[in-house]
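Text of start.csv, listed as CSV, C-alpha atoms and all ligand atoms:
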chain,number,residue,atom,x,y,z
A,184,MET,CA,-31.0,35.9,-93.9
A,185,ASN,CA,-28.5,34.4,-91.5
A,186,ILE,CA,-25.0,35.9,-92.0
A,187,GLU,CA,-22.4,33.9,-90.2
A,188,GLY,CA,-18.7,34.7,-90.1
A,189,SER,CA,-16.2,32.1,-91.2
A,190,GLU,CA,-14.4,29.8,-88.7
A,191,ARG,CA,-11.3,31.9,-89.7
A,192,LEU,CA,-12.8,35.0,-88.3
A,193,LYS,CA,-14.0,33.2,-85.2
A,194,ARG,CA,-10.5,32.1,-84.6
A,195,LEU,CA,-9.3,35.7,-84.1
A,196,PRO,CA,-8.2,36.3,-80.5
A,197,PRO,CA,-10.3,38.6,-78.3
A,198,TYR,CA,-9.5,42.2,-79.0
A,199,LEU,CA,-7.7,43.2,-75.8
A,200,PHE,CA,-7.8,47.0,-76.4
A,201,LYS,CA,-11.6,47.1,-76.3
A,202,GLU,CA,-11.7,48.2,-72.7
A,203,ILE,CA,-9.0,50.9,-73.1
A,204,ASP,CA,-10.8,52.1,-76.3
A,205,ARG,CA,-14.0,52.4,-74.4
A,206,GLN,CA,-12.3,54.3,-71.5
A,207,LYS,CA,-10.6,56.6,-74.1
A,208,GLU,CA,-14.0,57.6,-75.6
A,209,GLU,CA,-15.4,58.1,-72.1
A,210,VAL,CA,-12.5,60.4,-71.1
A,211,ARG,CA,-12.6,62.3,-74.4
A,212,ALA,CA,-16.3,62.8,-74.0
A,213,LYS,CA,-15.6,64.6,-70.7
A,214,GLY,CA,-13.5,67.1,-72.6
A,215,VAL,CA,-10.2,66.0,-71.1
A,216,ASP,CA,-7.1,67.1,-73.1
A,217,ILE,CA,-5.8,63.6,-74.0
A,218,ILE,CA,-2.1,62.9,-74.7
A,219,ASP,CA,-2.1,59.9,-77.0
A,220,LEU,CA,1.0,57.7,-76.7
A,221,GLY,CA,-1.0,54.7,-77.8
A,222,VAL,CA,-0.5,54.4,-81.5
A,223,GLY,CA,2.8,53.6,-83.3
A,224,ASP,CA,2.2,56.1,-86.2
A,225,PRO,CA,4.7,58.9,-86.8
A,226,ASP,CA,3.3,62.4,-86.3
A,227,LEU,CA,6.1,63.8,-88.5
A,228,PRO,CA,5.2,64.6,-92.1
A,229,THR,CA,6.7,62.8,-95.1
A,230,PRO,CA,9.8,64.7,-96.3
A,231,PRO,CA,8.9,67.2,-99.1
A,232,HIS,CA,11.2,65.7,-101.8
A,233,ILE,CA,9.3,62.4,-101.5
A,234,ILE,CA,5.9,64.2,-101.9
A,235,GLU,CA,7.3,66.1,-104.9
A,236,ALA,CA,8.3,62.8,-106.5
A,237,LEU,CA,4.8,61.4,-106.0
A,238,LYS,CA,3.2,64.5,-107.5
A,239,GLN,CA,5.2,64.3,-110.7
A,240,ALA,CA,4.8,60.5,-111.0
A,241,ALA,CA,1.0,60.7,-110.3
A,242,ALA,CA,0.6,63.0,-113.3
A,243,ASP,CA,2.2,60.6,-115.7
A,244,PRO,CA,-0.4,58.3,-117.4
A,245,ALA,CA,2.3,55.6,-117.7
A,246,ASN,CA,1.8,55.1,-113.9
A,247,HIS,CA,-2.0,54.9,-114.1
A,248,ARG,CA,-2.1,51.3,-115.3
A,249,TYR,CA,-1.7,48.0,-113.4
A,250,PRO,CA,1.8,47.8,-111.9
A,251,SER,CA,3.9,44.7,-112.2
A,252,TYR,CA,3.0,42.1,-109.6
A,253,SER,CA,6.5,41.8,-108.1
A,254,GLY,CA,7.3,45.5,-108.1
A,255,MET,CA,8.8,47.9,-110.7
A,256,GLY,CA,12.2,46.9,-111.8
A,257,ASP,CA,13.5,50.3,-110.8
A,258,PHE,CA,12.1,50.1,-107.3
A,259,ASN,CA,13.5,46.6,-106.7
A,260,ALA,CA,16.8,47.8,-108.1
A,261,ALA,CA,16.8,50.8,-105.7
A,262,VAL,CA,16.1,48.4,-102.8
A,263,SER,CA,19.0,46.2,-103.9
A,264,ARG,CA,21.4,49.3,-104.0
A,265,TRP,CA,20.1,50.5,-100.7
A,266,TYR,CA,20.8,47.1,-99.1
A,267,LYS,CA,24.3,47.0,-100.5
A,268,HIS,CA,25.0,50.5,-99.3
A,269,ARG,CA,23.3,50.2,-95.9
A,270,PHE,CA,24.1,46.6,-94.9
A,271,ASN,CA,26.7,45.5,-97.5
A,272,VAL,CA,24.3,42.7,-98.5
A,273,ASP,CA,24.1,41.7,-102.2
A,274,LEU,CA,20.6,41.1,-103.5
A,275,ASP,CA,19.5,40.2,-107.0
A,276,ALA,CA,16.7,42.7,-107.8
A,277,GLY,CA,15.0,40.3,-110.1
A,278,SER,CA,14.7,37.3,-107.8
A,279,GLU,CA,15.5,38.3,-104.3
A,280,VAL,CA,13.2,41.4,-103.8
A,281,VAL,CA,9.4,41.8,-103.9
A,282,THR,CA,7.6,45.1,-103.4
A,283,LEU,CA,4.8,45.1,-100.8
A,284,ILE,CA,1.8,47.3,-100.2
A,285,GLY,CA,3.2,48.0,-96.8
A,286,SER,CA,5.1,45.3,-94.9
A,287,LYS,CA,2.0,44.3,-93.0
A,288,GLU,CA,0.6,43.1,-96.3
A,289,GLY,CA,3.6,40.7,-96.8
A,290,ILE,CA,3.7,39.6,-93.2
A,291,ALA,CA,-0.1,38.7,-93.3
A,292,HIS,CA,0.3,36.8,-96.6
A,293,ILE,CA,3.5,34.8,-96.1
A,294,PRO,CA,1.8,32.1,-94.0
A,295,LEU,CA,-0.6,31.4,-97.0
A,296,ALA,CA,2.5,30.3,-98.9
A,297,TYR,CA,3.9,27.9,-96.3
A,298,ILE,CA,1.5,27.0,-93.6
A,299,ASN,CA,-0.9,24.1,-93.9
A,300,PRO,CA,-3.7,23.5,-91.4
A,301,GLY,CA,-2.1,22.4,-88.1
A,302,ASP,CA,1.4,23.6,-89.0
A,303,ILE,CA,3.1,25.7,-86.4
A,304,ALA,CA,4.5,29.2,-86.7
A,305,LEU,CA,6.9,30.4,-84.0
A,306,VAL,CA,5.7,33.8,-82.9
A,307,PRO,CA,7.2,36.1,-80.3
A,308,SER,CA,5.1,37.2,-77.3
A,309,PRO,CA,4.7,40.2,-76.9
A,310,ALA,CA,4.6,41.1,-80.6
A,311,TYR,CA,3.1,42.9,-83.5
A,312,PRO,CA,-0.3,41.0,-83.8
A,313,VAL,CA,0.0,40.3,-87.5
A,314,TYR,CA,2.4,37.4,-87.1
A,315,SER,CA,-0.1,35.3,-85.2
A,316,ILE,CA,-3.2,36.5,-87.0
A,317,GLY,CA,-1.7,35.7,-90.4
A,318,THR,CA,-0.8,32.3,-89.1
A,319,LEU,CA,-4.4,31.7,-87.8
A,320,PHE,CA,-5.9,32.9,-91.1
A,321,ALA,CA,-3.8,30.2,-92.9
A,322,GLY,CA,-5.1,27.6,-90.5
A,323,GLY,CA,-1.9,27.3,-88.6
A,324,GLU,CA,-1.1,27.4,-84.9
A,325,PRO,CA,1.0,30.2,-83.5
A,326,CYS,CA,3.4,28.8,-80.9
A,327,PHE,CA,4.7,31.6,-78.6
A,328,MET,CA,8.3,32.3,-77.8
A,329,ASP,CA,8.3,34.6,-74.7
A,330,LEU,CA,10.4,37.7,-74.8
A,331,LEU,CA,11.6,38.2,-71.3
A,332,LYS,CA,13.6,40.9,-69.7
A,333,GLU,CA,16.2,38.4,-68.3
A,334,ASN,CA,16.9,37.4,-71.9
A,335,GLU,CA,17.1,40.9,-73.1
A,336,PHE,CA,13.8,40.3,-74.8
A,337,LEU,CA,15.3,37.8,-77.3
A,338,PRO,CA,13.5,34.4,-77.6
A,339,ASP,CA,15.2,31.5,-75.9
A,340,LEU,CA,15.6,29.1,-78.8
A,341,GLU,CA,16.7,26.3,-76.5
A,342,ALA,CA,13.3,26.5,-74.7
A,343,ILE,CA,11.5,25.4,-77.9
A,344,SER,CA,10.6,21.7,-77.6
A,345,PRO,CA,11.9,19.4,-80.3
A,346,GLU,CA,8.3,18.4,-81.2
A,347,VAL,CA,7.3,22.0,-81.7
A,348,ALA,CA,10.5,22.8,-83.6
A,349,LYS,CA,9.9,19.8,-85.9
A,350,LYS,CA,6.3,20.9,-86.7
A,351,ALA,CA,7.3,24.6,-87.2
A,352,LYS,CA,7.3,25.9,-90.7
A,353,ILE,CA,8.0,29.6,-90.0
A,354,MET,CA,9.6,31.6,-87.3
A,355,PHE,CA,8.8,35.3,-87.0
A,356,ILE,CA,11.3,37.6,-85.3
A,357,ASN,CA,11.4,41.4,-85.2
A,358,TYR,CA,14.4,43.6,-84.2
A,359,PRO,CA,14.6,46.4,-83.4
A,360,ASN,CA,11.5,45.2,-81.6
A,361,ASN,CA,8.0,46.4,-81.3
A,362,PRO,CA,6.8,46.6,-78.5
A,363,THR,CA,9.8,46.0,-76.2
A,364,ALA,CA,12.3,48.3,-78.2
A,365,ALA,CA,14.9,45.6,-77.7
A,366,VAL,CA,17.7,45.1,-80.3
A,367,ALA,CA,19.3,42.0,-81.6
A,368,THR,CA,23.0,40.9,-81.6
A,369,SER,CA,24.7,39.1,-84.4
A,370,GLU,CA,25.2,36.1,-82.1
A,371,PHE,CA,21.4,35.9,-81.7
A,372,PHE,CA,20.9,36.1,-85.5
A,373,GLU,CA,23.5,33.4,-85.9
A,374,SER,CA,21.7,31.1,-83.5
A,375,VAL,CA,18.5,31.7,-85.4
A,376,VAL,CA,20.2,30.6,-88.7
A,377,ALA,CA,21.5,27.5,-87.0
A,378,PHE,CA,18.0,26.7,-85.5
A,379,ALA,CA,16.4,27.3,-88.9
A,380,ARG,CA,18.8,24.9,-90.7
A,381,GLU,CA,18.5,22.2,-88.1
A,382,ASN,CA,14.7,22.3,-88.0
A,383,ASN,CA,13.9,23.3,-91.6
A,384,VAL,CA,12.1,26.5,-90.5
A,385,ILE,CA,11.7,29.6,-92.7
A,386,VAL,CA,12.8,32.7,-90.8
A,387,CYS,CA,10.8,35.9,-91.4
A,388,HIS,CA,12.6,38.8,-89.9
A,389,ASP,CA,10.6,42.1,-89.6
A,390,ALA,CA,13.1,45.0,-89.8
A,391,ALA,CA,10.5,47.8,-89.9
A,392,TYR,CA,12.6,49.8,-87.4
A,393,SER,CA,16.1,49.3,-88.8
A,394,GLU,CA,16.6,53.0,-89.4
A,395,MET,CA,14.9,54.3,-86.3
A,396,ALA,CA,17.9,54.1,-84.0
A,397,TYR,CA,19.7,56.5,-81.8
A,398,ASP,CA,23.1,57.7,-80.5
A,399,GLY,CA,24.9,56.4,-83.6
A,400,PHE,CA,23.6,52.9,-83.2
A,401,ARG,CA,23.0,51.2,-86.6
A,402,PRO,CA,20.8,48.1,-86.3
A,403,MET,CA,22.0,45.2,-88.5
A,404,SER,CA,20.1,43.2,-91.2
A,405,PHE,CA,19.4,39.6,-90.5
A,406,LEU,CA,20.8,38.9,-93.9
A,407,GLU,CA,24.3,40.1,-92.8
A,408,VAL,CA,24.7,36.8,-91.0
A,409,PRO,CA,26.3,34.0,-93.0
A,410,GLY,CA,23.7,31.6,-94.3
A,411,ALA,CA,20.7,33.8,-93.5
A,412,LYS,CA,19.8,34.3,-97.1
A,413,SER,CA,19.3,30.5,-97.6
A,414,VAL,CA,16.9,30.2,-94.6
A,415,GLY,CA,14.8,33.3,-94.7
A,416,ILE,CA,13.6,36.7,-95.7
A,417,GLU,CA,13.5,40.2,-94.2
A,418,PHE,CA,10.5,42.6,-94.3
A,419,HIS,CA,11.1,46.3,-94.5
A,420,SER,CA,8.9,49.3,-94.6
A,421,LEU,CA,9.2,52.9,-95.7
A,422,SER,CA,6.5,53.7,-93.1
A,423,LYS,CA,8.7,54.4,-90.1
A,424,THR,CA,11.9,55.4,-91.8
A,425,PHE,CA,10.4,58.2,-94.0
A,426,SER,CA,7.1,58.8,-92.0
A,427,MET,CA,5.1,57.2,-94.8
A,428,THR,CA,2.6,55.0,-93.0
A,429,GLY,CA,-0.3,56.2,-95.1
A,430,TRP,CA,1.4,55.6,-98.4
A,431,ARG,CA,1.5,51.8,-98.1
A,432,ILE,CA,4.9,50.8,-99.5
A,433,GLY,CA,7.4,48.2,-98.2
A,434,PHE,CA,9.4,45.3,-99.5
A,435,ALA,CA,10.6,41.8,-98.6
A,436,VAL,CA,14.1,40.5,-99.5
A,437,GLY,CA,16.2,37.4,-99.1
A,438,CYS,CA,15.8,33.7,-100.0
A,439,LYS,CA,14.6,33.6,-103.6
A,440,ASP,CA,12.4,30.5,-103.2
A,441,VAL,CA,10.6,32.2,-100.3
A,442,ILE,CA,10.3,35.5,-102.2
A,443,ARG,CA,8.8,33.5,-105.1
A,444,GLY,CA,6.3,31.9,-102.8
A,445,LEU,CA,5.2,35.2,-101.3
A,446,GLY,CA,5.0,36.7,-104.8
A,447,GLN,CA,2.8,33.8,-106.0
A,448,VAL,CA,0.3,34.4,-103.2
A,449,LYS,CA,0.4,38.2,-103.9
A,450,SER,CA,-0.1,37.9,-107.6
A,451,ASN,CA,-3.4,36.1,-106.9
A,452,ILE,CA,-4.6,38.6,-104.4
A,453,ASP,CA,-3.4,42.1,-105.2
A,454,SER,CA,-2.0,43.8,-108.2
A,455,GLY,CA,1.0,45.5,-106.8
A,456,ALA,CA,1.7,49.0,-105.3
A,457,PHE,CA,0.7,52.2,-107.3
A,458,GLN,CA,3.7,52.9,-109.4
A,459,ALA,CA,3.7,56.6,-108.5
A,460,VAL,CA,4.2,55.5,-104.8
A,461,GLN,CA,7.0,53.2,-105.9
A,462,ILE,CA,8.7,56.1,-107.7
A,463,ALA,CA,8.3,58.2,-104.6
A,464,GLY,CA,9.8,55.2,-102.7
A,465,ILE,CA,12.9,55.3,-105.0
A,466,ALA,CA,13.2,59.1,-104.2
A,467,ALA,CA,13.1,58.1,-100.5
A,468,LEU,CA,15.7,55.4,-100.7
A,469,GLU,CA,18.0,57.2,-103.1
A,470,GLY,CA,17.5,60.8,-102.0
A,471,ASP,CA,19.3,62.8,-99.3
A,472,GLN,CA,19.2,60.9,-96.1
A,473,GLN,CA,19.3,64.0,-93.9
A,474,CYS,CA,15.6,63.5,-93.3
A,475,VAL,CA,16.4,60.2,-91.6
A,476,GLU,CA,18.9,61.8,-89.3
A,477,ASP,CA,16.4,64.6,-88.5
A,478,MET,CA,13.8,62.0,-87.7
A,479,GLN,CA,16.3,60.1,-85.4
A,480,ARG,CA,17.2,63.3,-83.6
A,481,THR,CA,13.6,64.2,-83.0
A,482,TYR,CA,12.7,60.9,-81.5
A,483,ALA,CA,15.9,60.7,-79.4
A,484,GLU,CA,15.1,64.0,-77.9
A,485,ARG,CA,11.5,62.9,-77.0
A,486,ARG,CA,12.9,59.6,-75.7
A,487,ASP,CA,15.2,61.4,-73.3
A,488,ILE,CA,12.5,63.7,-72.0
A,489,LEU,CA,10.2,60.8,-71.4
A,490,VAL,CA,12.6,58.3,-69.9
A,491,ASP,CA,14.6,60.7,-67.8
A,492,GLY,CA,11.3,62.2,-66.6
A,493,LEU,CA,9.8,58.9,-65.7
A,494,ARG,CA,13.0,57.8,-63.9
A,495,SER,CA,13.2,61.1,-61.9
A,496,GLN,CA,9.8,60.2,-60.5
A,497,GLY,CA,10.7,56.7,-59.4
A,498,PHE,CA,9.4,54.8,-62.4
A,499,PHE,CA,11.5,52.5,-64.5
A,500,ALA,CA,11.9,52.2,-68.2
A,501,GLU,CA,15.0,51.2,-70.2
A,502,LYS,CA,16.2,53.9,-72.6
A,503,PRO,CA,15.7,52.4,-76.0
A,504,HIS,CA,18.5,52.4,-78.6
A,505,ALA,CA,16.0,52.0,-81.4
A,506,THR,CA,12.2,52.2,-82.3
A,507,PHE,CA,9.9,55.0,-81.1
A,508,TYR,CA,8.6,53.0,-78.1
A,509,VAL,CA,9.3,53.1,-74.4
A,510,TRP,CA,8.5,49.8,-72.7
A,511,MET,CA,7.8,50.9,-69.2
A,512,ASP,CA,7.6,48.6,-66.2
A,513,VAL,CA,4.3,49.0,-64.4
A,514,PRO,CA,4.7,49.9,-60.7
A,515,LYS,CA,4.3,47.2,-58.1
A,516,GLY,CA,0.8,46.2,-57.4
A,517,TYR,CA,-0.6,47.0,-60.9
A,518,THR,CA,-1.4,44.9,-63.9
A,519,SER,CA,-0.7,46.4,-67.4
A,520,ALA,CA,-4.4,47.0,-67.9
A,521,GLY,CA,-4.8,48.5,-64.4
A,522,PHE,CA,-1.9,50.9,-64.8
A,523,SER,CA,-2.8,51.9,-68.3
A,524,SER,CA,-6.4,52.6,-67.2
A,525,ARG,CA,-5.2,54.7,-64.3
A,526,LEU,CA,-2.9,56.8,-66.6
A,527,LEU,CA,-5.9,57.4,-68.9
A,528,THR,CA,-8.6,58.2,-66.4
A,529,GLU,CA,-6.5,60.2,-64.0
A,530,ALA,CA,-3.9,61.8,-66.2
A,531,GLY,CA,-5.5,61.7,-69.6
A,532,ILE,CA,-2.6,59.8,-71.1
A,533,VAL,CA,-3.2,56.9,-73.6
A,534,THR,CA,-0.7,54.1,-73.4
A,535,THR,CA,-1.0,50.5,-74.6
A,536,PRO,CA,-1.1,47.7,-72.0
A,537,GLY,CA,1.7,45.3,-72.7
A,538,ASN,CA,-0.5,42.2,-72.4
A,539,GLY,CA,-2.4,43.4,-75.5
A,540,PHE,CA,0.7,42.3,-77.5
A,541,GLY,CA,0.7,38.8,-75.9
A,542,ALA,CA,0.6,37.2,-72.5
A,543,ALA,CA,4.3,37.8,-71.9
A,544,GLY,CA,3.8,41.5,-72.2
A,545,GLU,CA,2.0,41.6,-68.9
A,546,GLY,CA,3.8,43.9,-66.4
A,547,TYR,CA,4.6,46.6,-69.0
A,548,VAL,CA,2.9,49.4,-70.8
A,549,ARG,CA,4.1,50.7,-74.2
A,550,MET,CA,4.4,54.4,-74.8
A,551,ALA,CA,4.9,55.7,-78.4
A,552,LEU,CA,7.0,58.8,-78.9
A,553,THR,CA,4.5,60.2,-81.4
A,554,VAL,CA,3.7,63.6,-79.8
A,555,ASN,CA,6.0,66.6,-79.6
A,556,SER,CA,8.5,67.3,-76.8
A,557,GLU,CA,6.3,69.8,-75.1
A,558,ARG,CA,3.4,67.3,-74.9
A,559,ILE,CA,5.8,64.7,-73.6
A,560,ARG,CA,7.0,67.1,-70.9
A,561,GLU,CA,3.3,67.7,-70.0
A,562,ALA,CA,2.7,63.9,-69.9
A,563,VAL,CA,5.7,63.5,-67.5
A,564,GLU,CA,4.3,66.2,-65.3
A,565,ARG,CA,0.9,64.6,-65.2
A,566,ILE,CA,2.4,61.2,-64.4
A,567,GLY,CA,4.4,62.9,-61.6
A,568,ARG,CA,1.2,64.1,-60.0
A,569,LEU,CA,-0.3,60.6,-59.8
A,570,ALA,CA,0.3,59.0,-56.4
A,571,VAL,CA,1.2,55.4,-57.1
A,601,LIG,C1,4.9,49.7,-88.1
A,601,LIG,C2,5.3,48.3,-88.2
A,601,LIG,C3,5.4,47.7,-89.5
A,601,LIG,C4,5.2,48.5,-90.7
A,601,LIG,O1,4.0,48.3,-91.3
A,601,LIG,P1,3.6,48.8,-92.7
A,601,LIG,O2,2.6,47.9,-93.2
A,601,LIG,O3,4.9,48.7,-93.6
A,601,LIG,O4,3.2,50.2,-92.5
A,601,LIG,C5,5.8,46.4,-89.5
A,601,LIG,N1,6.1,45.7,-88.4
A,601,LIG,C6,6.1,46.3,-87.2
A,601,LIG,C7,6.5,45.5,-86.0
A,601,LIG,C8,5.6,47.6,-87.1
A,601,LIG,O5,5.5,48.1,-85.8

Can I see the file as structure tokens?
Ligand SMILES: *Cc1c(COP(=O)(O)O)cnc(C)c1O
Amino acid sequence: MNIEGSERLKRLPPYLFKEIDRQKEEVRAKGVDIIDLGVGDPDLPTPPHIIEALKQAAADPANHRYPSYSGMGDFNAAVSRWYKHRFNVDLDAGSEVVTLIGSKEGIAHIPLAYINPGDIALVPSPAYPVYSIGTLFAGGEPCFMDLLKENEFLPDLEAISPEVAKKAKIMFINYPNNPTAAVATSEFFESVVAFARENNVIVCHDAAYSEMAYDGFRPMSFLEVPGAKSVGIEFHSLSKTFSMTGWRIGFAVGCKDVIRGLGQVKSNIDSGAFQAVQIAGIAALEGDQQCVEDMQRTYAERRDILVDGLRSQGFFAEKPHATFYVWMDVPKGYTSAGFSSRLLTEAGIVTTPGNGFGAAGEGYVRMALTVNSERIREAVERIGRLAV
């Protein structure tokens, strides 16, 4: 038998973390005590009241059956109330909200609703890989918008050629941003709405980190900008806000036509999120938000230890206002992969080379604040002992 992968699978870009994965195994095999700042997965547990809500809901046979495709009415209503309360944005729970099995699921599926073979999706570089891979799976062509330090890691919309803009069906954006930790201004979001209107492009804003912000900073929703709801949707996740990455629950909100399109794809692929998880999600959105403040305080403390520590040793990293990533400049004379490899093999620290998120990420490594303060202090000390 000759088993051959589809052209779709063959279009996947080369996996750039293969070399670092191999080195990680090699270092681990030597018995080195590895500090893993590689993966963007919270180490904090899900708050107890959310777990309790799941336990109760899981025991109720009413939740053992197929859920509704678009999400439980109660969950979508809780999302709508949360949006009003958090962003002062009005959403109709019946037509402007869809529940997702994690936001990655919705992001991966949205191109299937709008991208025809050869159509363009505008995708940031560096970025969360799912934007370009979802586009490729739908037969589309990702067209990259570089996020550069001199533009505060916002895409330069004027640099997009008119031909590309005309062929583009979707634009993905993501603020607070993974991996650069940059945040957006309302002026930027306004320019995105104007661009979308002029070029008939659907905006997909990934707001997974909207609640992971520090020093009193409150990231805004794209939908707060006038006209945004008629040009696009926003993806959210409970994964980072409530340390629920394993639970698989998120949602998309905004333009009702686009929400309907996404729902149509989903209703033919999945059968919705487990109702008990949606009920736990309601407990998360409507319960005491002290757990969110605690999460913010924890990451802010780790961020200060890491960034202040790196700077005191002559390295440079911006102190992020949001996300749990530090986007560090690699020292002169290194590539992202070279520096990341040196940190791993000589200091036992796993980081992610910036170019793994796209060509424009070259020159940086990403560090995730997903180990405790003591381990971060240890990481800083080890980095200090490297002669670079
Ligand atoms: C973590 C993350 C998500 C969340 O994914 P889920 O599927 O909801 O767990 C979405 N977008 C970005 C950029 C992320 O880093």

- [ ] Using all atoms listed in the file, give me every residue within 12 Å of (26.3, 42.8, -98.1) in file coordinates, as a PyMOL selection string.
- [x] chain A and resi 263-275+403-409+411-412+437

Using the selection just defined, write its residues with C-alpha atoms as an mmCIF file, in the frame of the given file.
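Okay, out-v5.cif is ready:
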data_model
loop_
_atom_site.group_PDB
_atom_site.id
_atom_site.type_symbol
_atom_site.label_atom_id
_atom_site.label_comp_id
_atom_site.auth_asym_id
_atom_site.auth_seq_id
_atom_site.Cartn_x
_atom_site.Cartn_y
_atom_site.Cartn_z
ATOM 1 C CA SER A 263 19.000 46.200 -103.900
ATOM 2 C CA ARG A 264 21.400 49.300 -104.000
ATOM 3 C CA TRP A 265 20.100 50.500 -100.700
ATOM 4 C CA TYR A 266 20.800 47.100 -99.100
ATOM 5 C CA LYS A 267 24.300 47.000 -100.500
ATOM 6 C CA HIS A 268 25.000 50.500 -99.300
ATOM 7 C CA ARG A 269 23.300 50.200 -95.900
ATOM 8 C CA PHE A 270 24.100 46.600 -94.900
ATOM 9 C CA ASN A 271 26.700 45.500 -97.500
ATOM 10 C CA VAL A 272 24.300 42.700 -98.500
ATOM 11 C CA ASP A 273 24.100 41.700 -102.200
ATOM 12 C CA LEU A 274 20.600 41.100 -103.500
ATOM 13 C CA ASP A 275 19.500 40.200 -107.000
ATOM 14 C CA MET A 403 22.000 45.200 -88.500
ATOM 15 C CA SER A 404 20.100 43.200 -91.200
ATOM 16 C CA PHE A 405 19.400 39.600 -90.500
ATOM 17 C CA LEU A 406 20.800 38.900 -93.900
ATOM 18 C CA GLU A 407 24.300 40.100 -92.800
ATOM 19 C CA VAL A 408 24.700 36.800 -91.000
ATOM 20 C CA PRO A 409 26.300 34.000 -93.000
ATOM 21 C CA ALA A 411 20.700 33.800 -93.500
ATOM 22 C CA LYS A 412 19.800 34.300 -97.100
ATOM 23 C CA GLY A 437 16.200 37.400 -99.100
#

Open item on the list: I'd like the interatomic distance between CA of Phe258 in chain A and CA of Ile462 in chain A, to a tenth of an Å.
Closed with: 6.9 Å

Open item on the list: Here is a test: counting only C-alpha atoms and all ligand atoms, which residue of A:Pro231, A:Pro359, A:Gly541, A:Pro197 is nearest to ligand LIG 601 (chain A)?
Closed with: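 Smallest distance to ligand LIG 601 (chain A) is found for A:Pro359.
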
Open item on the list: Can you pull out every residue with an atom within 10 Å of ligand LIG 601 (chain A)? Use only C-alpha atoms and all ligand atoms and format it as number ranges by chain.
Closed with: A: 222-225, 283-291, 310-314, 356-362, 388-392, 418-424, 426-434, 506-508

TODO: Could you tell me which of A:Leu526, A:Thr534, A:Phe457, A:Arg568 comes closest to Pro250 in chain A if we count only C-alpha atoms?
DONE: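 Looking only at the distances to Pro250 in chain A, the closest residue turns out to be A:Phe457.
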
Open item on the list: Given all atoms listed in the file as the basis, pick out the residue of A:Asn451, A:Gln473, A:Asn299, A:Thr368 nearest to Leu337 in chain A.
Closed with: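 Using all atoms listed in the file, the shortest distance to Leu337 in chain A belongs to A:Thr368.
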
Please list, as an mmCIF file with C-alpha atoms, keeping the file's coordinate frame, the residues that have an atom at most 12 Å away from (1.8, 59.7, -112.2) in the coordinates of this file, counting only C-alpha atoms.
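Contents of part-v7.cif, freshly written:
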data_model
loop_
_atom_site.group_PDB
_atom_site.id
_atom_site.type_symbol
_atom_site.label_atom_id
_atom_site.label_comp_id
_atom_site.auth_asym_id
_atom_site.auth_seq_id
_atom_site.Cartn_x
_atom_site.Cartn_y
_atom_site.Cartn_z
ATOM 1 C CA ILE A 234 5.900 64.200 -101.900
ATOM 2 C CA GLU A 235 7.300 66.100 -104.900
ATOM 3 C CA ALA A 236 8.300 62.800 -106.500
ATOM 4 C CA LEU A 237 4.800 61.400 -106.000
ATOM 5 C CA LYS A 238 3.200 64.500 -107.500
ATOM 6 C CA GLN A 239 5.200 64.300 -110.700
ATOM 7 C CA ALA A 240 4.800 60.500 -111.000
ATOM 8 C CA ALA A 241 1.000 60.700 -110.300
ATOM 9 C CA ALA A 242 0.600 63.000 -113.300
ATOM 10 C CA ASP A 243 2.200 60.600 -115.700
ATOM 11 C CA PRO A 244 -0.400 58.300 -117.400
ATOM 12 C CA ALA A 245 2.300 55.600 -117.700
ATOM 13 C CA ASN A 246 1.800 55.100 -113.900
ATOM 14 C CA HIS A 247 -2.000 54.900 -114.100
ATOM 15 C CA ARG A 248 -2.100 51.300 -115.300
ATOM 16 C CA PRO A 250 1.800 47.800 -111.900
ATOM 17 C CA PHE A 457 0.700 52.200 -107.300
ATOM 18 C CA GLN A 458 3.700 52.900 -109.400
ATOM 19 C CA ALA A 459 3.700 56.600 -108.500
ATOM 20 C CA VAL A 460 4.200 55.500 -104.800
ATOM 21 C CA GLN A 461 7.000 53.200 -105.900
ATOM 22 C CA ILE A 462 8.700 56.100 -107.700
ATOM 23 C CA ALA A 463 8.300 58.200 -104.600
#

Open item on the list: Excluding Glu202 in chain A and its own-chain neighbours fewer than 4 positions away, which residues fall within 12 Å of it when counting only C-alpha atoms? Please give them as a list of chain:residue names.
Closed with: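 Close residues of Glu202 in chain A: A:Pro197, A:Tyr198, A:Gln206, A:Lys207, A:Glu208, A:Glu209, A:Ala520, A:Gly521, A:Ser523, A:Ser524, A:Leu527, A:Thr535, A:Pro536, A:Gly539.
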
- [ ] For range 251-257 of chain A, list every protein, DNA or RNA residue within 6 Å, evaluated using only C-alpha atoms, and leave out those in the same chain fewer than 2 positions away; present the list as a ChimeraX atom specification.
- [x] /A:259-260,281-282,450,454-455

Atoms kept (C-alpha atoms) for selection, written as a compact mmCIF listing (two decimals), in the frame of the given file:
# COMPACT_ATOMS: atom_id res chain seq x y z
CA ASN A 259 13.50 46.60 -106.70
CA ALA A 260 16.80 47.80 -108.10
CA VAL A 281 9.40 41.80 -103.90
CA THR A 282 7.60 45.10 -103.40
CA SER A 450 -0.10 37.90 -107.60
CA SER A 454 -2.00 43.80 -108.20
CA GLY A 455 1.00 45.50 -106.80

Task: Residues within 12 Å of Tyr482 in chain A, all atoms listed in the file, excluding chain neighbours under 6 positions, as a VMD selection string - done: chain A and resid 225 to 227 394 to 398 423 to 424 475 to 476 488 to 490 502 to 509 551 to 556 559

Open item on the list: Quick check, in Å to one decimal: how far apart do CA of Cys387 in chain A and CA of Glu373 in chain A lie?
Closed with: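 Rounded to one decimal, the two atoms are 14.1 Å apart.
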